[in-house]
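Colleague: Sharing coords.txt here; it has compact mmCIF, C-alpha atoms.
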# COMPACT_ATOMS: atom_id res chain seq x y z
CA MET A 1 -97.38 -26.12 -74.52
CA GLY A 2 -98.45 -23.17 -76.74
CA MET A 3 -96.60 -19.89 -77.02
CA ALA A 4 -97.73 -17.00 -74.83
CA THR A 5 -99.86 -14.56 -76.80
CA THR A 6 -100.96 -10.97 -76.34
CA LYS A 7 -104.00 -9.33 -77.85
CA ILE A 8 -103.13 -6.15 -79.77
CA THR A 9 -104.90 -3.70 -82.05
CA ILE A 10 -103.29 -3.01 -85.43
CA THR A 11 -104.24 -1.08 -88.55
CA VAL A 12 -104.03 -2.89 -91.89
CA ASP A 13 -104.63 -1.71 -95.46
CA ASP A 14 -108.13 -2.69 -96.60
CA ASP A 15 -106.71 -4.40 -99.65
CA VAL A 16 -104.34 -6.50 -97.55
CA LEU A 17 -107.10 -7.37 -95.09
CA HIS A 18 -109.30 -8.49 -97.97
CA HIS A 19 -106.60 -10.93 -99.09
CA VAL A 20 -106.06 -12.16 -95.55
CA ARG A 21 -109.79 -12.79 -95.03
CA THR A 22 -109.99 -14.57 -98.38
CA ALA A 23 -107.10 -16.80 -97.32
CA VAL A 24 -108.91 -17.61 -94.08
CA ASP A 25 -112.22 -18.21 -95.85
CA THR A 26 -110.54 -20.63 -98.25
CA GLY A 27 -108.86 -22.55 -95.45
CA GLN A 28 -105.29 -21.35 -96.02
CA ALA A 29 -105.09 -20.13 -92.42
CA PRO A 30 -107.24 -20.93 -89.37
CA ASN A 31 -107.95 -17.26 -88.63
CA VAL A 32 -106.74 -13.70 -89.25
CA SER A 33 -104.49 -13.71 -86.18
CA ALA A 34 -102.73 -16.88 -87.30
CA TYR A 35 -102.19 -15.45 -90.77
CA ILE A 36 -100.76 -12.16 -89.50
CA THR A 37 -98.63 -13.97 -86.91
CA GLU A 38 -97.15 -16.26 -89.58
CA ALA A 39 -96.36 -13.29 -91.84
CA ALA A 40 -94.72 -11.39 -88.99
CA ALA A 41 -92.76 -14.47 -87.91
CA GLN A 42 -91.37 -14.81 -91.43
CA ARG A 43 -90.29 -11.15 -91.33
CA VAL A 44 -88.67 -11.68 -87.92
CA ALA A 45 -86.74 -14.69 -89.27
CA ARG A 46 -85.56 -12.73 -92.33
CA ASP A 47 -84.39 -9.83 -90.21
CA ALA A 48 -82.58 -12.22 -87.88
CA ARG A 49 -80.74 -13.88 -90.78
CA ALA A 50 -79.86 -10.50 -92.33
CA THR A 51 -78.46 -9.35 -88.98
CA GLU A 52 -76.49 -12.59 -88.76
CA ILE A 53 -74.99 -11.90 -92.21
CA GLU A 54 -74.10 -8.35 -91.19
CA HIS A 55 -72.41 -9.61 -88.02
CA ARG A 56 -70.49 -12.33 -89.85
CA TRP A 57 -69.37 -10.33 -92.88
CA GLY A 58 -70.14 -6.67 -92.15
CA PRO A 59 -70.16 -3.86 -91.50
CA PHE A 60 -70.58 -3.04 -95.17
CA SER A 61 -69.50 0.23 -96.73
CA PRO A 62 -72.17 2.65 -97.98
CA LYS A 63 -70.82 2.06 -101.50
CA ALA A 64 -71.30 -1.71 -101.26
CA LEU A 65 -74.78 -1.24 -99.85
CA ALA A 66 -75.67 1.19 -102.65
CA TRP A 67 -74.71 -1.43 -105.24
CA ALA A 68 -76.40 -4.18 -103.23
CA ARG A 69 -79.68 -2.26 -103.17
CA LYS A 70 -79.51 -1.63 -106.92
CA ALA A 71 -78.62 -5.24 -107.72
CA ALA A 72 -81.41 -6.46 -105.44
CA GLY A 73 -83.97 -4.12 -106.98
CA ALA A 74 -84.54 -2.50 -103.58
CA GLU A 75 -85.42 1.15 -103.01
CA PRO A 76 -82.35 3.39 -103.29
CA GLU A 77 -81.28 5.55 -100.38
CA PRO A 78 -80.03 9.14 -100.55
CA GLY A 79 -76.44 9.15 -101.80
CA ASP A 80 -76.68 5.83 -103.64
CA GLU A 81 -76.55 7.50 -107.03
CA ALA A 82 -73.10 9.00 -106.38
CA TYR A 83 -71.68 5.64 -105.27
CA LEU A 84 -73.14 3.92 -108.31
CA ALA A 85 -71.59 6.55 -110.59
CA GLN A 86 -68.27 5.89 -108.85
CA ILE A 87 -68.61 2.15 -109.50
CA ASP A 88 -69.39 2.81 -113.18
CA ALA A 89 -66.33 5.07 -113.45
CA GLU A 90 -64.12 2.41 -111.87
CA ARG A 91 -65.47 -0.20 -114.29
CA SER A 92 -64.78 2.10 -117.25
CA ALA A 93 -61.24 2.73 -116.02
CA ARG A 94 -60.61 -1.03 -115.76
CA ARG A 95 -61.97 -1.48 -119.26
CA HIS A 96 -59.63 1.21 -120.57
CA ALA A 97 -56.66 -0.26 -118.75
CA ALA A 98 -57.39 -3.71 -120.12
CA SER A 99 -57.65 -2.47 -123.70
CA ALA A 100 -54.55 -0.25 -123.48
CA MET B 2 -99.77 -2.98 -102.32
CA THR B 3 -97.20 -5.66 -101.88
CA ALA B 4 -94.47 -6.09 -104.49
CA ALA B 5 -94.30 -9.23 -106.56
CA VAL B 6 -91.85 -11.79 -105.25
CA GLY B 7 -88.57 -11.07 -106.94
CA GLY B 8 -85.27 -12.80 -107.21
CA ARG B 9 -81.88 -12.99 -108.82
CA VAL B 10 -79.77 -15.81 -110.21
CA LEU B 11 -76.09 -16.14 -109.42
CA ASP B 12 -73.38 -16.99 -111.92
CA VAL B 13 -70.02 -18.44 -110.89
CA PRO B 14 -68.05 -15.19 -110.36
CA ALA B 15 -70.78 -13.80 -108.09
CA LEU B 16 -70.81 -16.91 -105.93
CA VAL B 17 -67.02 -17.08 -105.80
CA ASP B 18 -66.90 -13.45 -104.67
CA ALA B 19 -69.41 -14.21 -101.93
CA ALA B 20 -67.40 -17.21 -100.74
CA THR B 21 -63.98 -15.58 -100.81
CA GLY B 22 -65.01 -12.12 -99.68
CA GLN B 23 -62.60 -10.74 -102.26
CA THR B 24 -64.94 -7.76 -102.39
CA GLU B 25 -67.73 -6.98 -99.97
CA TYR B 26 -70.35 -6.49 -102.66
CA MET B 27 -71.94 -9.92 -102.85
CA ARG B 28 -72.03 -10.34 -99.09
CA ALA B 29 -73.70 -6.95 -98.66
CA TRP B 30 -76.08 -7.94 -101.43
CA LEU B 31 -77.09 -11.15 -99.67
CA ALA B 32 -77.90 -9.13 -96.54
CA VAL B 33 -80.12 -6.80 -98.58
CA MET B 34 -81.82 -9.64 -100.46
CA THR B 35 -82.51 -11.48 -97.22
CA ARG B 36 -83.95 -8.44 -95.47
CA GLN B 37 -86.17 -7.67 -98.48
CA GLY B 38 -87.45 -11.23 -98.65
CA TYR B 39 -86.19 -11.75 -102.19
CA ALA B 40 -85.04 -15.10 -103.51
CA VAL B 41 -81.47 -15.97 -104.49
CA ALA B 42 -81.29 -18.77 -107.05
CA VAL B 43 -78.06 -20.76 -107.10
CA PRO B 44 -78.01 -23.35 -109.89
CA SER B 45 -76.41 -26.55 -108.60
CA THR B 46 -73.87 -26.56 -111.43
CA VAL B 47 -72.86 -22.98 -110.59
CA ARG B 48 -72.30 -23.99 -106.98
CA ALA B 49 -70.25 -27.01 -108.03
CA ARG B 50 -68.09 -24.95 -110.36
CA ALA B 51 -67.59 -22.23 -107.75
CA ALA B 52 -66.62 -24.85 -105.16
CA ALA B 53 -64.16 -26.44 -107.59
CA GLY B 54 -62.39 -23.10 -107.92
CA LEU B 55 -62.03 -22.50 -104.19
CA ALA B 56 -58.72 -23.53 -102.70
CA ALA B 57 -59.22 -23.02 -98.98
CA ALA B 58 -61.48 -25.01 -96.66
CA ALA B 59 -62.49 -21.72 -95.05
CA GLU B 60 -63.78 -20.46 -98.39
CA LEU B 61 -65.77 -23.64 -98.94
CA ALA B 62 -67.26 -23.22 -95.47
CA GLU B 63 -68.29 -19.66 -96.36
CA LEU B 64 -69.84 -20.93 -99.59
CA ASP B 65 -71.87 -23.47 -97.59
CA TRP B 66 -72.92 -20.79 -95.10
CA PHE B 67 -73.97 -18.47 -97.94
CA CYS B 68 -76.11 -21.21 -99.50
CA ALA B 69 -77.66 -22.26 -96.17
CA GLY B 70 -79.87 -19.18 -95.84
CA ALA B 71 -83.61 -19.48 -96.31
CA ALA B 72 -83.42 -16.89 -99.10
CA VAL B 73 -81.17 -19.17 -101.17
CA LEU B 74 -82.78 -21.70 -103.49
CA GLU B 75 -80.46 -24.30 -104.96
CA ILE B 76 -81.76 -25.17 -108.42
CA PRO B 77 -80.91 -28.71 -109.53
CA LEU B 78 -80.27 -29.47 -113.16
CA ALA B 79 -83.38 -31.45 -114.00
CA ALA B 80 -83.02 -34.32 -116.45
CA ALA B 81 -85.68 -32.67 -118.60
CA ASP B 82 -83.53 -29.54 -118.90
CA THR B 83 -80.22 -31.10 -119.84
CA ALA B 84 -80.82 -30.82 -123.57
CA ALA B 85 -81.83 -27.14 -123.33
CA VAL B 86 -78.85 -26.37 -121.11
CA SER B 87 -76.46 -28.20 -123.43
CA GLU B 88 -77.84 -26.29 -126.38
CA LEU B 89 -77.46 -22.93 -124.58
CA ALA B 90 -73.96 -23.90 -123.47
CA LYS B 91 -72.92 -24.77 -127.00
CA GLU B 92 -74.51 -21.70 -128.53
CA HIS B 93 -73.53 -18.96 -126.08
CA PHE B 94 -71.05 -20.14 -123.46
CA GLY B 95 -68.37 -22.11 -125.25
CA GLY B 96 -69.81 -25.32 -123.86
CA GLU B 97 -69.86 -24.23 -120.20
CA ILE B 98 -72.79 -25.93 -118.50
CA ALA B 99 -72.84 -23.79 -115.32
CA ALA B 100 -73.30 -20.52 -117.22
CA ALA B 101 -75.96 -22.10 -119.42
CA HIS B 102 -77.79 -23.45 -116.36
CA ALA B 103 -77.72 -19.96 -114.81
CA ALA B 104 -79.04 -18.47 -118.06
CA LEU B 105 -81.88 -20.98 -118.29
CA THR B 106 -82.79 -20.37 -114.64
CA GLY B 107 -82.88 -16.63 -115.27
CA LEU B 108 -84.96 -17.00 -118.41
CA ARG B 109 -87.47 -19.35 -116.78
CA ARG B 110 -88.03 -17.09 -113.77
CA ALA B 111 -87.52 -13.78 -115.57
CA TRP B 112 -84.86 -12.94 -112.99
CA PRO B 113 -81.59 -11.16 -113.84
CA VAL B 114 -78.34 -13.09 -113.62
CA ILE B 115 -75.54 -11.53 -111.57
CA THR B 116 -72.25 -12.07 -113.35
CA SER B 117 -68.97 -10.47 -114.32
CA GLU B 118 -68.55 -8.12 -117.25
CA ASP B 119 -66.49 -10.60 -119.29
CA ARG B 120 -69.19 -13.30 -119.05
CA ALA B 121 -72.15 -10.98 -119.59
CA PRO B 122 -72.28 -11.11 -123.43
CA GLY B 123 -73.20 -14.80 -123.38
CA PHE B 124 -76.15 -14.15 -121.08
CA THR B 125 -77.30 -11.17 -123.10
CA ALA B 126 -77.08 -13.18 -126.31
CA ALA B 127 -79.14 -15.93 -124.65
CA GLY B 128 -81.83 -13.36 -123.85
CA ALA B 129 -81.25 -13.20 -120.09
CA ASP B 130 -81.19 -9.97 -118.11
CA VAL B 131 -77.85 -9.27 -116.51
CA GLU B 132 -76.68 -7.37 -113.44
CA LEU B 133 -72.96 -6.74 -113.58
CA LEU B 134 -70.68 -7.19 -110.61
CA PRO B 135 -68.91 -3.92 -109.76
So, in terms of structure tokens, how does the structure I just supplied come out?
Modeller:
Amino acid sequence: MGMATTKITITVDDDVLHHVRTAVDTGQAPNVSAYITEAAAQRVARDARATEIEHRWGPFSPKALAWARKAAGAEPEPGDEAYLAQIDAERSARRHAASA
Amino acid sequence: MTAAVGGRVLDVPALVDAATGQTEYMRAWLAVMTRQGYAVAVPSTVRARAAAGLAAAAELAELDWFCAGAAVLEIPLAAADTAAVSELAKEHFGGEIAAAHAALTGLRRAWPVITSEDRAPGFTAAGADVELLP
């Protein structure tokens, strides 16, 4: 039995839509809806796993998240810079202590 | 437009930290990587070495759980790469295969390796980008 579906109207960047239509035209997806649904399902699965990680091991401190965003190459959030400076200072202090 | 698919490679100290939870950094990082849709490369030799250093069954279970996520790609040491890894190990890592495997994985994918400050010079000398653990 197939999943229940609902028809919706969405707005998509022209550039993205061009790529989606090309994928459909070249047989990589049966139609635009299937392509968009698959992409959204992947995002849903990622968010679910990330939430699972946060429940298992979190909540994480703002300082840890600031470093995590930097190390992941993700967009920084306001305040991240101060936490990263703090981490650098702690690393320098450890270096000094080790060489003393 | 969409960003290129990105990823990071883990060295032993990063994976051990994730498994033990000694700090919260690597676990927070996995949550961020997963939400962003980025890939986490764990060379098989790095995983084996991390596992060998874990004393508690609970830590091994956490290591398995960490590696079970869809974002995590376990990278086997291919027979064709053993010579290159051995060479890197001899030249930059005092013969340690896991570090050399992580370096080769990082170089091949152009992804930074997450490691500790004391191990970073080997990766830098091998030409890999490095992200230091806090």
Colleague: Would you pick out the contacts of segment 13-19 of chain A at 12 Å or less, using all atoms listed in the file, so that residues sharing its chain but fewer than 3 positions from it are not included, and give the list as an mmCIF file with C-alpha atoms, keeping the file's coordinate frame?
Modeller:
data_model
loop_
_atom_site.group_PDB
_atom_site.id
_atom_site.type_symbol
_atom_site.label_atom_id
_atom_site.label_comp_id
_atom_site.auth_asym_id
_atom_site.auth_seq_id
_atom_site.Cartn_x
_atom_site.Cartn_y
_atom_site.Cartn_z
ATOM 1 C CA ILE A 10 -103.290 -3.010 -85.430
ATOM 2 C CA THR A 22 -109.990 -14.570 -98.380
ATOM 3 C CA ALA A 23 -107.100 -16.800 -97.320
ATOM 4 C CA VAL A 24 -108.910 -17.610 -94.080
ATOM 5 C CA ASP A 25 -112.220 -18.210 -95.850
ATOM 6 C CA THR A 26 -110.540 -20.630 -98.250
ATOM 7 C CA GLN A 28 -105.290 -21.350 -96.020
ATOM 8 C CA ALA A 29 -105.090 -20.130 -92.420
ATOM 9 C CA ASN A 31 -107.950 -17.260 -88.630
ATOM 10 C CA VAL A 32 -106.740 -13.700 -89.250
ATOM 11 C CA SER A 33 -104.490 -13.710 -86.180
ATOM 12 C CA TYR A 35 -102.190 -15.450 -90.770
ATOM 13 C CA ILE A 36 -100.760 -12.160 -89.500
ATOM 14 C CA ALA A 39 -96.360 -13.290 -91.840
ATOM 15 C CA MET B 2 -99.770 -2.980 -102.320
ATOM 16 C CA THR B 3 -97.200 -5.660 -101.880
#
Colleague: What residues in chain A lie within 6 Å of chain B, counting only C-alpha atoms, written as an MDAnalysis selection string?
Modeller: chainID A and resid 46:47 50 53 64:65 68 72
Colleague: Would you work out the distance separating atom CA of Gly128 of chain B from atom CA of Ala84 of chain B, expressed in Å to one decimal?
Modeller: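 These atoms are spaced 17.5 Å apart.
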Colleague: Can you pull out every residue within 12 Å of Cys68 of chain B, counting all atoms listed in the file, but drop anything in the same chain fewer than 4 positions away, and send it as a list of chain:residue names?
Modeller: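 Here the qualifying residues turn out to be A:Ile53, B:Leu11, B:Leu16, B:Val17, B:Ala19, B:Ala20, B:Arg28, B:Leu31, B:Thr35, B:Ala40, B:Val41, B:Ala42, B:Val43, B:Pro44, B:Ser45, B:Val47, B:Arg48, B:Ala49, B:Ala51, B:Ala52, B:Leu61, B:Ala62, B:Glu63, B:Leu64, B:Ala72, B:Val73, B:Leu74, B:Glu75, B:Ile76.
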Colleague: Rank nothing, just name the residue among B:Trp112, B:Gly54, B:Ala69, B:Asp82 nearest to Gly73 of chain A, using all atoms listed in the file.
Modeller: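 Ranking B:Trp112, B:Gly54, B:Ala69, B:Asp82 by distance to Gly73 of chain A, first place goes to B:Trp112.
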Colleague: So how many Å separate atom CA of Asp130 of chain B and atom CA of Ala101 of chain B, to one decimal?
Modeller: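 It comes out at 13.3 Å.
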Colleague: Could you check how far atom CA of Leu108 of chain B sits from atom CA of Thr21 of chain B, in Å to one decimal?
Modeller: 27.4 Å
Colleague: Which protein, DNA or RNA residues are at most 12 Å from (-66.1, -1.4, -119.6) in the file's coordinates when you count only C-alpha atoms, listed as a count of residues only?
Modeller: 20
Colleague: With distances taken over only C-alpha atoms, which of A:Thr9, A:Lys63, A:Ala100, A:Ala71 is nearest to Leu84 of chain A?
Modeller: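 Closest residue, counting only C-alpha atoms: A:Lys63.
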Colleague: Give the answer as one residue: which of B:Gln23, B:Ala129, B:Ala80, B:Ala57 has the shortest atom-to-atom distance to Ala103 of chain B, using all atoms listed in the file?
Modeller: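 Of B:Gln23, B:Ala129, B:Ala80, B:Ala57, the one nearest Ala103 of chain B, counting all atoms listed in the file, is B:Ala129.
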